[in-house]
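Everything below belongs to protein38.pdb, which stores PDB, C-alpha atoms.
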ATOM      1  CA  MET A  14      90.995 115.147  58.874
ATOM      2  CA  CYS A  15      87.236 114.854  59.349
ATOM      3  CA  GLY A  16      84.284 116.158  57.388
ATOM      4  CA  ILE A  17      81.396 118.273  58.651
ATOM      5  CA  ALA A  18      78.112 119.330  57.084
ATOM      6  CA  GLY A  19      74.817 120.853  58.083
ATOM      7  CA  ILE A  20      71.524 122.445  57.110
ATOM      8  CA  ILE A  21      69.242 124.970  58.769
ATOM      9  CA  SER A  22      65.836 125.097  57.135
ATOM     10  CA  LYS A  23      62.127 125.423  57.894
ATOM     11  CA  ASN A  24      61.436 123.273  54.854
ATOM     12  CA  LYS A  25      61.086 119.667  56.034
ATOM     13  CA  ASP A  26      61.591 118.451  52.473
ATOM     14  CA  ILE A  27      65.094 119.952  52.572
ATOM     15  CA  LEU A  28      66.067 119.147  56.158
ATOM     16  CA  THR A  29      66.075 115.338  56.052
ATOM     17  CA  TYR A  30      68.392 112.539  57.100
ATOM     18  CA  GLN A  31      68.638 111.555  53.439
ATOM     19  CA  HIS A  32      70.007 114.964  52.518
ATOM     20  CA  LEU A  33      72.432 114.998  55.437
ATOM     21  CA  LYS A  34      73.688 111.569  54.382
ATOM     22  CA  LYS A  35      74.150 112.803  50.824
ATOM     23  CA  MET A  36      76.306 115.595  52.191
ATOM     24  CA  THR A  37      78.453 113.329  54.353
ATOM     25  CA  ASP A  38      78.715 110.721  51.583
ATOM     26  CA  ALA A  39      80.073 113.430  49.283
ATOM     27  CA  ILE A  40      82.970 113.977  51.694
ATOM     28  CA  SER A  41      83.349 110.371  52.905
ATOM     29  CA  HIS A  42      87.051 110.376  51.986
ATOM     30  CA  ARG A  43      87.630 112.843  54.825
ATOM     31  CA  GLY A  44      86.508 110.381  57.484
ATOM     32  CA  PRO A  45      86.662 106.602  56.963
ATOM     33  CA  ASP A  46      86.196 105.668  60.640
ATOM     34  CA  GLY A  47      82.547 106.529  61.086
ATOM     35  CA  GLU A  48      79.642 108.768  60.235
ATOM     36  CA  GLY A  49      76.661 110.330  61.940
ATOM     37  CA  GLN A  50      73.675 112.529  61.229
ATOM     38  CA  TRP A  51      71.377 114.316  63.671
ATOM     39  CA  ILE A  52      68.275 116.517  63.408
ATOM     40  CA  ASP A  53      66.876 118.464  66.356
ATOM     41  CA  GLU A  54      63.432 117.658  67.715
ATOM     42  CA  ARG A  55      61.845 120.746  66.117
ATOM     43  CA  THR A  56      63.301 119.879  62.692
ATOM     44  CA  THR A  57      65.058 123.189  62.225
ATOM     45  CA  VAL A  58      68.733 122.170  62.166
ATOM     46  CA  GLY A  59      70.604 119.091  61.010
ATOM     47  CA  LEU A  60      74.267 118.187  61.473
ATOM     48  CA  GLY A  61      76.376 115.565  59.710
ATOM     49  CA  HIS A  62      79.885 114.230  60.301
ATOM     50  CA  ARG A  63      82.490 111.914  58.809
ATOM     51  CA  ARG A  64      85.028 110.781  61.384
ATOM     52  CA  LEU A  65      88.750 110.207  61.265
ATOM     53  CA  SER A  66      89.614 108.983  64.771
ATOM     54  CA  ILE A  67      92.732 110.590  66.220
ATOM     55  CA  ILE A  68      92.448 111.482  69.917
ATOM     56  CA  ASP A  69      89.576 109.516  71.480
ATOM     57  CA  LEU A  70      89.183 106.322  69.440
ATOM     58  CA  SER A  71      86.141 105.115  71.397
ATOM     59  CA  ASN A  72      82.489 105.619  70.497
ATOM     60  CA  ALA A  73      82.414 108.376  73.115
ATOM     61  CA  GLY A  74      84.222 110.541  70.569
ATOM     62  CA  SER A  75      81.624 110.047  67.843
ATOM     63  CA  GLN A  76      79.848 113.007  66.298
ATOM     64  CA  PRO A  77      77.515 114.808  66.122
ATOM     65  CA  MET A  78      78.291 115.096  69.835
ATOM     66  CA  HIS A  79      75.947 116.489  72.476
ATOM     67  CA  TYR A  80      76.721 118.213  75.786
ATOM     68  CA  LEU A  81      74.716 119.358  78.829
ATOM     69  CA  ASP A  82      71.460 118.470  77.044
ATOM     70  CA  ARG A  83      71.909 121.806  75.297
ATOM     71  CA  TYR A  84      74.725 121.831  72.746
ATOM     72  CA  SER A  85      75.315 119.737  69.625
ATOM     73  CA  ILE A  86      78.477 119.967  67.544
ATOM     74  CA  VAL A  87      80.241 118.808  64.422
ATOM     75  CA  PHE A  88      83.954 119.512  64.531
ATOM     76  CA  ASN A  89      86.877 119.025  62.172
ATOM     77  CA  GLY A  90      90.370 119.603  63.469
ATOM     78  CA  GLU A  91      92.449 119.335  66.595
ATOM     79  CA  ILE A  92      92.781 121.567  69.661
ATOM     80  CA  TYR A  93      96.395 121.035  70.731
ATOM     81  CA  ASN A  94      95.999 122.534  74.203
ATOM     82  CA  TYR A  95      92.707 120.842  75.074
ATOM     83  CA  ILE A  96      94.194 119.012  78.080
ATOM     84  CA  GLU A  97      95.104 122.314  79.742
ATOM     85  CA  ILE A  98      91.705 123.808  78.917
ATOM     86  CA  ARG A  99      89.935 120.710  80.268
ATOM     87  CA  ALA A 100      91.886 120.930  83.538
ATOM     88  CA  PHE A 101      90.862 124.573  83.935
ATOM     89  CA  LEU A 102      87.207 123.850  83.158
ATOM     90  CA  ARG A 103      87.129 121.092  85.767
ATOM     91  CA  THR A 104      87.989 123.709  88.390
ATOM     92  CA  LYS A 105      84.860 125.541  87.233
ATOM     93  CA  GLY A 106      82.651 122.518  87.784
ATOM     94  CA  TYR A 107      82.581 120.998  84.302
ATOM     95  CA  SER A 108      82.782 117.226  83.878
ATOM     96  CA  PHE A 109      83.566 115.099  80.839
ATOM     97  CA  ARG A 110      82.554 111.645  79.671
ATOM     98  CA  SER A 111      85.138 111.331  76.875
ATOM     99  CA  ASP A 112      88.819 112.033  76.297
ATOM    100  CA  SER A 113      88.086 114.082  73.177
ATOM    101  CA  ASP A 114      88.960 117.670  72.425
ATOM    102  CA  THR A 115      85.472 118.008  70.927
ATOM    103  CA  GLU A 116      83.788 117.806  74.316
ATOM    104  CA  VAL A 117      86.276 120.303  75.761
ATOM    105  CA  LEU A 118      85.471 122.669  72.910
ATOM    106  CA  MET A 119      81.758 122.574  73.774
ATOM    107  CA  ALA A 120      82.370 123.064  77.485
ATOM    108  CA  ASN A 121      84.606 126.042  76.818
ATOM    109  CA  PHE A 122      81.958 127.485  74.513
ATOM    110  CA  ASP A 123      79.413 127.154  77.310
ATOM    111  CA  TYR A 124      81.796 128.923  79.691
ATOM    112  CA  LYS A 125      83.033 131.733  77.420
ATOM    113  CA  ARG A 126      80.728 131.776  74.384
ATOM    114  CA  GLU A 127      82.483 133.170  71.280
ATOM    115  CA  LYS A 128      85.467 134.305  73.348
ATOM    116  CA  CYS A 129      86.406 130.636  73.668
ATOM    117  CA  LEU A 130      88.179 131.011  70.321
ATOM    118  CA  ASP A 131      90.893 133.060  72.026
ATOM    119  CA  ASP A 132      91.891 129.978  74.050
ATOM    120  CA  PHE A 133      92.280 127.485  71.224
ATOM    121  CA  ASP A 134      95.708 126.566  69.928
ATOM    122  CA  GLY A 135      95.058 124.403  66.914
ATOM    123  CA  MET A 136      93.335 124.016  63.584
ATOM    124  CA  PHE A 137      89.578 123.763  63.468
ATOM    125  CA  ALA A 138      86.264 124.274  61.760
ATOM    126  CA  PHE A 139      83.093 123.616  63.691
ATOM    127  CA  ALA A 140      79.413 124.390  64.130
ATOM    128  CA  ILE A 141      77.640 124.335  67.513
ATOM    129  CA  TRP A 142      73.876 124.340  67.829
ATOM    130  CA  ASP A 143      72.589 125.886  71.075
ATOM    131  CA  ASN A 144      69.219 124.269  71.642
ATOM    132  CA  GLN A 145      68.332 126.752  74.375
ATOM    133  CA  GLU A 146      69.054 129.905  72.396
ATOM    134  CA  LYS A 147      68.146 128.281  69.045
ATOM    135  CA  THR A 148      71.323 129.616  67.452
ATOM    136  CA  LEU A 149      74.121 128.113  65.373
ATOM    137  CA  PHE A 150      77.675 129.302  66.059
ATOM    138  CA  CYS A 151      80.201 128.523  63.316
ATOM    139  CA  ALA A 152      83.938 129.188  63.334
ATOM    140  CA  ARG A 153      87.196 128.180  61.718
ATOM    141  CA  ASP A 154      90.828 128.726  62.655
ATOM    142  CA  ARG A 155      92.525 132.008  61.871
ATOM    143  CA  PHE A 156      94.426 130.736  58.836
ATOM    144  CA  GLY A 157      91.613 128.662  57.370
ATOM    145  CA  GLU A 158      93.658 125.503  57.693
ATOM    146  CA  LYS A 159      90.416 123.591  58.166
ATOM    147  CA  PRO A 160      87.907 124.549  55.460
ATOM    148  CA  PHE A 161      84.360 125.781  56.019
ATOM    149  CA  TYR A 162      82.124 126.529  53.026
ATOM    150  CA  TYR A 163      78.621 127.924  53.391
ATOM    151  CA  SER A 164      75.698 129.139  51.329
ATOM    152  CA  GLN A 165      72.182 130.482  51.637
ATOM    153  CA  ALA A 166      69.947 128.961  48.999
ATOM    154  CA  ASN A 167      66.374 127.694  48.723
ATOM    155  CA  GLU A 168      65.559 129.742  51.863
ATOM    156  CA  SER A 169      67.979 127.520  53.800
ATOM    157  CA  PHE A 170      71.518 127.722  55.184
ATOM    158  CA  TYR A 171      74.037 125.035  54.241
ATOM    159  CA  PHE A 172      77.634 124.415  55.307
ATOM    160  CA  GLY A 173      80.279 121.782  54.693
ATOM    161  CA  SER A 174      83.972 120.992  54.652
ATOM    162  CA  GLU A 175      83.911 120.960  50.854
ATOM    163  CA  MET A 176      81.728 122.537  48.194
ATOM    164  CA  LYS A 177      80.708 119.123  46.899
ATOM    165  CA  ALA A 178      78.770 118.577  50.133
ATOM    166  CA  LEU A 179      76.646 121.614  49.263
ATOM    167  CA  TRP A 180      76.253 120.610  45.625
ATOM    168  CA  SER A 181      75.050 117.154  46.662
ATOM    169  CA  VAL A 182      71.840 118.745  47.998
ATOM    170  CA  ASN A 183      71.260 121.029  45.026
ATOM    171  CA  VAL A 184      72.950 124.230  46.119
ATOM    172  CA  PRO A 185      73.424 125.930  42.709
ATOM    173  CA  LYS A 186      76.786 125.370  41.021
ATOM    174  CA  GLU A 187      77.153 128.645  39.153
ATOM    175  CA  THR A 188      80.533 130.106  38.165
ATOM    176  CA  ASN A 189      81.509 133.427  39.717
ATOM    177  CA  GLY A 190      82.588 135.463  36.680
ATOM    178  CA  ARG A 191      84.411 138.101  38.688
ATOM    179  CA  MET A 192      86.674 135.554  40.369
ATOM    180  CA  LEU A 193      87.268 133.834  37.041
ATOM    181  CA  PHE A 194      88.241 137.151  35.454
ATOM    182  CA  ASN A 195      90.645 137.948  38.289
ATOM    183  CA  TYR A 196      92.247 134.532  37.906
ATOM    184  CA  TRP A 197      92.671 134.795  34.141
ATOM    185  CA  TYR A 198      94.050 138.328  34.130
ATOM    186  CA  PHE A 199      95.764 138.723  37.493
ATOM    187  CA  ASN A 200      96.377 135.109  38.554
ATOM    188  CA  TYR A 201      94.411 135.772  41.767
ATOM    189  CA  LEU A 202      93.110 132.749  43.628
ATOM    190  CA  LEU A 203      91.540 134.978  46.293
ATOM    191  CA  ASN A 204      89.744 138.292  46.223
ATOM    192  CA  PRO A 205      91.968 140.571  48.357
ATOM    193  CA  ASN A 206      88.937 142.754  49.134
ATOM    194  CA  ASP A 207      86.740 139.849  50.245
ATOM    195  CA  LEU A 208      88.553 136.680  51.270
ATOM    196  CA  SER A 209      85.253 134.865  51.746
ATOM    197  CA  GLU A 210      84.481 134.945  48.015
ATOM    198  CA  THR A 211      84.930 131.750  45.977
ATOM    199  CA  PHE A 212      84.813 130.770  42.307
ATOM    200  CA  TYR A 213      81.125 129.920  42.681
ATOM    201  CA  LYS A 214      78.282 132.394  43.191
ATOM    202  CA  ASN A 215      76.669 132.388  46.615
ATOM    203  CA  ILE A 216      79.182 129.937  48.081
ATOM    204  CA  PHE A 217      81.497 131.515  50.605
ATOM    205  CA  TYR A 218      84.556 130.420  52.584
TER     206      TYR A 218
END
In structure tokens, write the structure found in this file.
Amino acid sequence: MCGIAGIISKNKDILTYQHLKKMTDAISHRGPDGEGQWIDERTTVGLGHRRLSIIDLSNAGSQPMHYLDRYSIVFNGEIYNYIEIRAFLRTKGYSFRSDSDTEVLMANFDYKREKCLDDFDGMFAFAIWDNQEKTLFCARDRFGEKPFYYSQANESFYFGSEMKALWSVNVPKETNGRMLFNYWYFNYLLNPNDLSETFYKNIFY
């Protein structure tokens, strides 16, 4: 288990290392083996990570991780078939400096873009910043085994492994009355018509 967090914002008072650290501190229990924060050179996106070392125990596996001077990632989970994917990507000219599945994930994203998800056998939640296209690609596994919460607030986009990461940087903590009603009367923990909805307004899963 690791913890991921991030902010996209044009407001430099919101996108700061202090705020990223607040987010990763809020989920520090998810990763006792290390932490990292990174902000791009144009100050538009910031990524944070709490690490639980499992596959590559060296510093080469630390995150946020960068690849090809283009991609930056925070990743929580495990890609079980990453060795096979790495072997295939090597035949396509890709090289690797670590033994981590994180680096393989980024290389496969470069090769296949969003279709890379079809190749992954595992549990995952991640966000990849493409510094060339200036886009953020976020994904989680099909069953939501690894959590990914997100919100748009204060003209900014926030994400994290837990809601408390968002609350730590003042994303509003306002109860979603509809979900509360459904829980009280129907014992629903999820909205069957919108599985992204949570018990808090403007925080999605």
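Among A:Phe172, A:Tyr80, A:Tyr218, A:Tyr201, the residue with the shortest atom-to-atom distance to A:Gly157, counting only C-alpha atoms, is A:Tyr218.
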**OP:** To verify the selection step, state as a ChimeraX atom specification which residues the PyMOL selection byres ((chain A and resi 155) around 12) yields on this input.
**Re:** /A:130-131,133-138,152-154,156-161
List as an mmCIF file with C-alpha atoms, keeping the file's coordinate frame the protein and nucleic acid residues near stretch 84-86 of chain A, meaning an atom at most 12 Å away when all atoms listed in the file are counted, but skip any in the same chain fewer than 5 places from it.
data_model
loop_
_atom_site.group_PDB
_atom_site.id
_atom_site.type_symbol
_atom_site.label_atom_id
_atom_site.label_comp_id
_atom_site.auth_asym_id
_atom_site.auth_seq_id
_atom_site.Cartn_x
_atom_site.Cartn_y
_atom_site.Cartn_z
ATOM 1 C CA ILE A 17 81.396 118.273 58.651
ATOM 2 C CA ALA A 18 78.112 119.330 57.084
ATOM 3 C CA GLY A 19 74.817 120.853 58.083
ATOM 4 C CA GLY A 49 76.661 110.330 61.940
ATOM 5 C CA GLN A 50 73.675 112.529 61.229
ATOM 6 C CA TRP A 51 71.377 114.316 63.671
ATOM 7 C CA ILE A 52 68.275 116.517 63.408
ATOM 8 C CA ASP A 53 66.876 118.464 66.356
ATOM 9 C CA VAL A 58 68.733 122.170 62.166
ATOM 10 C CA GLY A 59 70.604 119.091 61.010
ATOM 11 C CA LEU A 60 74.267 118.187 61.473
ATOM 12 C CA GLY A 61 76.376 115.565 59.710
ATOM 13 C CA HIS A 62 79.885 114.230 60.301
ATOM 14 C CA GLY A 74 84.222 110.541 70.569
ATOM 15 C CA SER A 75 81.624 110.047 67.843
ATOM 16 C CA GLN A 76 79.848 113.007 66.298
ATOM 17 C CA PRO A 77 77.515 114.808 66.122
ATOM 18 C CA MET A 78 78.291 115.096 69.835
ATOM 19 C CA HIS A 79 75.947 116.489 72.476
ATOM 20 C CA ASP A 114 88.960 117.670 72.425
ATOM 21 C CA THR A 115 85.472 118.008 70.927
ATOM 22 C CA GLU A 116 83.788 117.806 74.316
ATOM 23 C CA VAL A 117 86.276 120.303 75.761
ATOM 24 C CA LEU A 118 85.471 122.669 72.910
ATOM 25 C CA MET A 119 81.758 122.574 73.774
ATOM 26 C CA ALA A 120 82.370 123.064 77.485
ATOM 27 C CA ASN A 121 84.606 126.042 76.818
ATOM 28 C CA PHE A 122 81.958 127.485 74.513
ATOM 29 C CA ASP A 123 79.413 127.154 77.310
ATOM 30 C CA ARG A 126 80.728 131.776 74.384
ATOM 31 C CA ALA A 138 86.264 124.274 61.760
ATOM 32 C CA PHE A 139 83.093 123.616 63.691
ATOM 33 C CA ALA A 140 79.413 124.390 64.130
ATOM 34 C CA ILE A 141 77.640 124.335 67.513
ATOM 35 C CA TRP A 142 73.876 124.340 67.829
ATOM 36 C CA ASP A 143 72.589 125.886 71.075
ATOM 37 C CA ASN A 144 69.219 124.269 71.642
ATOM 38 C CA GLN A 145 68.332 126.752 74.375
ATOM 39 C CA GLU A 146 69.054 129.905 72.396
ATOM 40 C CA LYS A 147 68.146 128.281 69.045
ATOM 41 C CA THR A 148 71.323 129.616 67.452
ATOM 42 C CA LEU A 149 74.121 128.113 65.373
ATOM 43 C CA PHE A 150 77.675 129.302 66.059
ATOM 44 C CA CYS A 151 80.201 128.523 63.316
ATOM 45 C CA ALA A 152 83.938 129.188 63.334
#
Original post:
Leaving out A:Arg191 and any residue of its chain fewer than 4 positions from it, which residues lie within 9 Å of it when counting all atoms listed in the file, given as number ranges by chain?
Top reply: A: 195-196, 212
Original post:
atom CA of A:Asn89 and atom CA of A:Met36 are how many Å apart?
Top reply: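 Going from atom CA of A:Asn89 over to atom CA of A:Met36, I get 14.9 Å.
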For stretch 127-159 of chain A, where the input has fewer atoms than it should, I would like N, CA and C atoms rebuilt and written as a PDB file, in the frame of the given file.
ATOM      1  N   GLU A 127      81.589 133.011  72.419  1.00  0.00           N
ATOM      2  CA  GLU A 127      82.483 133.170  71.280  1.00  0.00           C
ATOM      3  C   GLU A 127      83.919 133.504  71.686  1.00  0.00           C
ATOM      4  N   LYS A 128      84.114 134.000  72.897  1.00  0.00           N
ATOM      5  CA  LYS A 128      85.467 134.305  73.348  1.00  0.00           C
ATOM      6  C   LYS A 128      86.298 133.044  73.583  1.00  0.00           C
ATOM      7  N   CYS A 129      85.665 131.889  73.528  1.00  0.00           N
ATOM      8  CA  CYS A 129      86.406 130.636  73.668  1.00  0.00           C
ATOM      9  C   CYS A 129      87.462 130.485  72.580  1.00  0.00           C
ATOM     10  N   LEU A 130      87.237 131.129  71.440  1.00  0.00           N
ATOM     11  CA  LEU A 130      88.179 131.011  70.321  1.00  0.00           C
ATOM     12  C   LEU A 130      89.562 131.528  70.696  1.00  0.00           C
ATOM     13  N   ASP A 131      89.603 132.492  71.615  1.00  0.00           N
ATOM     14  CA  ASP A 131      90.893 133.060  72.026  1.00  0.00           C
ATOM     15  C   ASP A 131      91.768 132.026  72.732  1.00  0.00           C
ATOM     16  N   ASP A 132      91.147 130.977  73.273  1.00  0.00           N
ATOM     17  CA  ASP A 132      91.891 129.978  74.050  1.00  0.00           C
ATOM     18  C   ASP A 132      92.471 128.855  73.201  1.00  0.00           C
ATOM     19  N   PHE A 133      91.954 128.686  71.989  1.00  0.00           N
ATOM     20  CA  PHE A 133      92.280 127.485  71.224  1.00  0.00           C
ATOM     21  C   PHE A 133      93.581 127.627  70.447  1.00  0.00           C
ATOM     22  N   ASP A 134      94.494 126.711  70.716  1.00  0.00           N
ATOM     23  CA  ASP A 134      95.708 126.566  69.928  1.00  0.00           C
ATOM     24  C   ASP A 134      95.502 125.337  69.058  1.00  0.00           C
ATOM     25  N   GLY A 135      95.309 125.560  67.770  1.00  0.00           N
ATOM     26  CA  GLY A 135      95.058 124.403  66.914  1.00  0.00           C
ATOM     27  C   GLY A 135      94.500 124.794  65.566  1.00  0.00           C
ATOM     28  N   MET A 136      93.972 123.804  64.885  1.00  0.00           N
ATOM     29  CA  MET A 136      93.335 124.016  63.584  1.00  0.00           C
ATOM     30  C   MET A 136      91.924 123.443  63.700  1.00  0.00           C
ATOM     31  N   PHE A 137      90.941 124.207  63.213  1.00  0.00           N
ATOM     32  CA  PHE A 137      89.578 123.763  63.468  1.00  0.00           C
ATOM     33  C   PHE A 137      88.571 124.436  62.545  1.00  0.00           C
ATOM     34  N   ALA A 138      87.490 123.737  62.338  1.00  0.00           N
ATOM     35  CA  ALA A 138      86.264 124.274  61.760  1.00  0.00           C
ATOM     36  C   ALA A 138      85.141 123.535  62.464  1.00  0.00           C
ATOM     37  N   PHE A 139      84.155 124.283  62.956  1.00  0.00           N
ATOM     38  CA  PHE A 139      83.093 123.616  63.691  1.00  0.00           C
ATOM     39  C   PHE A 139      81.803 124.427  63.637  1.00  0.00           C
ATOM     40  N   ALA A 140      80.716 123.751  63.987  1.00  0.00           N
ATOM     41  CA  ALA A 140      79.413 124.390  64.130  1.00  0.00           C
ATOM     42  C   ALA A 140      78.762 123.831  65.384  1.00  0.00           C
ATOM     43  N   ILE A 141      78.301 124.729  66.261  1.00  0.00           N
ATOM     44  CA  ILE A 141      77.640 124.335  67.513  1.00  0.00           C
ATOM     45  C   ILE A 141      76.211 124.860  67.504  1.00  0.00           C
ATOM     46  N   TRP A 142      75.275 123.956  67.688  1.00  0.00           N
ATOM     47  CA  TRP A 142      73.876 124.340  67.829  1.00  0.00           C
ATOM     48  C   TRP A 142      73.549 124.463  69.308  1.00  0.00           C
ATOM     49  N   ASP A 143      73.022 125.631  69.705  1.00  0.00           N
ATOM     50  CA  ASP A 143      72.589 125.886  71.075  1.00  0.00           C
ATOM     51  C   ASP A 143      71.074 125.698  71.104  1.00  0.00           C
ATOM     52  N   ASN A 144      70.636 124.602  71.670  1.00  0.00           N
ATOM     53  CA  ASN A 144      69.219 124.269  71.642  1.00  0.00           C
ATOM     54  C   ASN A 144      68.394 125.157  72.567  1.00  0.00           C
ATOM     55  N   GLN A 145      69.050 125.834  73.484  1.00  0.00           N
ATOM     56  CA  GLN A 145      68.332 126.752  74.375  1.00  0.00           C
ATOM     57  C   GLN A 145      68.096 128.093  73.697  1.00  0.00           C
ATOM     58  N   GLU A 146      69.153 128.622  73.078  1.00  0.00           N
ATOM     59  CA  GLU A 146      69.054 129.905  72.396  1.00  0.00           C
ATOM     60  C   GLU A 146      68.553 129.775  70.960  1.00  0.00           C
ATOM     61  N   LYS A 147      68.540 128.547  70.434  1.00  0.00           N
ATOM     62  CA  LYS A 147      68.146 128.281  69.045  1.00  0.00           C
ATOM     63  C   LYS A 147      69.041 129.044  68.071  1.00  0.00           C
ATOM     64  N   THR A 148      70.348 128.944  68.312  1.00  0.00           N
ATOM     65  CA  THR A 148      71.323 129.616  67.452  1.00  0.00           C
ATOM     66  C   THR A 148      72.407 128.635  67.038  1.00  0.00           C
ATOM     67  N   LEU A 149      73.001 128.907  65.874  1.00  0.00           N
ATOM     68  CA  LEU A 149      74.121 128.113  65.373  1.00  0.00           C
ATOM     69  C   LEU A 149      75.360 128.995  65.350  1.00  0.00           C
ATOM     70  N   PHE A 150      76.405 128.572  66.042  1.00  0.00           N
ATOM     71  CA  PHE A 150      77.675 129.302  66.059  1.00  0.00           C
ATOM     72  C   PHE A 150      78.687 128.517  65.234  1.00  0.00           C
ATOM     73  N   CYS A 151      79.234 129.164  64.208  1.00  0.00           N
ATOM     74  CA  CYS A 151      80.201 128.523  63.316  1.00  0.00           C
ATOM     75  C   CYS A 151      81.524 129.280  63.375  1.00  0.00           C
ATOM     76  N   ALA A 152      82.625 128.540  63.295  1.00  0.00           N
ATOM     77  CA  ALA A 152      83.938 129.188  63.334  1.00  0.00           C
ATOM     78  C   ALA A 152      84.970 128.292  62.661  1.00  0.00           C
ATOM     79  N   ARG A 153      86.047 128.925  62.219  1.00  0.00           N
ATOM     80  CA  ARG A 153      87.196 128.180  61.718  1.00  0.00           C
ATOM     81  C   ARG A 153      88.458 128.856  62.241  1.00  0.00           C
ATOM     82  N   ASP A 154      89.582 128.172  62.127  1.00  0.00           N
ATOM     83  CA  ASP A 154      90.828 128.726  62.655  1.00  0.00           C
ATOM     84  C   ASP A 154      91.257 129.943  61.847  1.00  0.00           C
ATOM     85  N   ARG A 155      92.161 130.704  62.421  1.00  0.00           N
ATOM     86  CA  ARG A 155      92.525 132.008  61.871  1.00  0.00           C
ATOM     87  C   ARG A 155      93.114 131.943  60.476  1.00  0.00           C
ATOM     88  N   PHE A 156      93.783 130.846  60.141  1.00  0.00           N
ATOM     89  CA  PHE A 156      94.426 130.736  58.836  1.00  0.00           C
ATOM     90  C   PHE A 156      93.605 129.914  57.851  1.00  0.00           C
ATOM     91  N   GLY A 157      92.445 129.460  58.261  1.00  0.00           N
ATOM     92  CA  GLY A 157      91.613 128.662  57.370  1.00  0.00           C
ATOM     93  C   GLY A 157      92.221 127.326  57.024  1.00  0.00           C
ATOM     94  N   GLU A 158      93.020 126.795  57.951  1.00  0.00           N
ATOM     95  CA  GLU A 158      93.658 125.503  57.693  1.00  0.00           C
ATOM     96  C   GLU A 158      92.620 124.392  57.557  1.00  0.00           C
ATOM     97  N   LYS A 159      91.537 124.513  58.303  1.00  0.00           N
ATOM     98  CA  LYS A 159      90.416 123.591  58.166  1.00  0.00           C
ATOM     99  C   LYS A 159      89.290 124.323  57.433  1.00  0.00           C
TER     100      LYS A 159
END
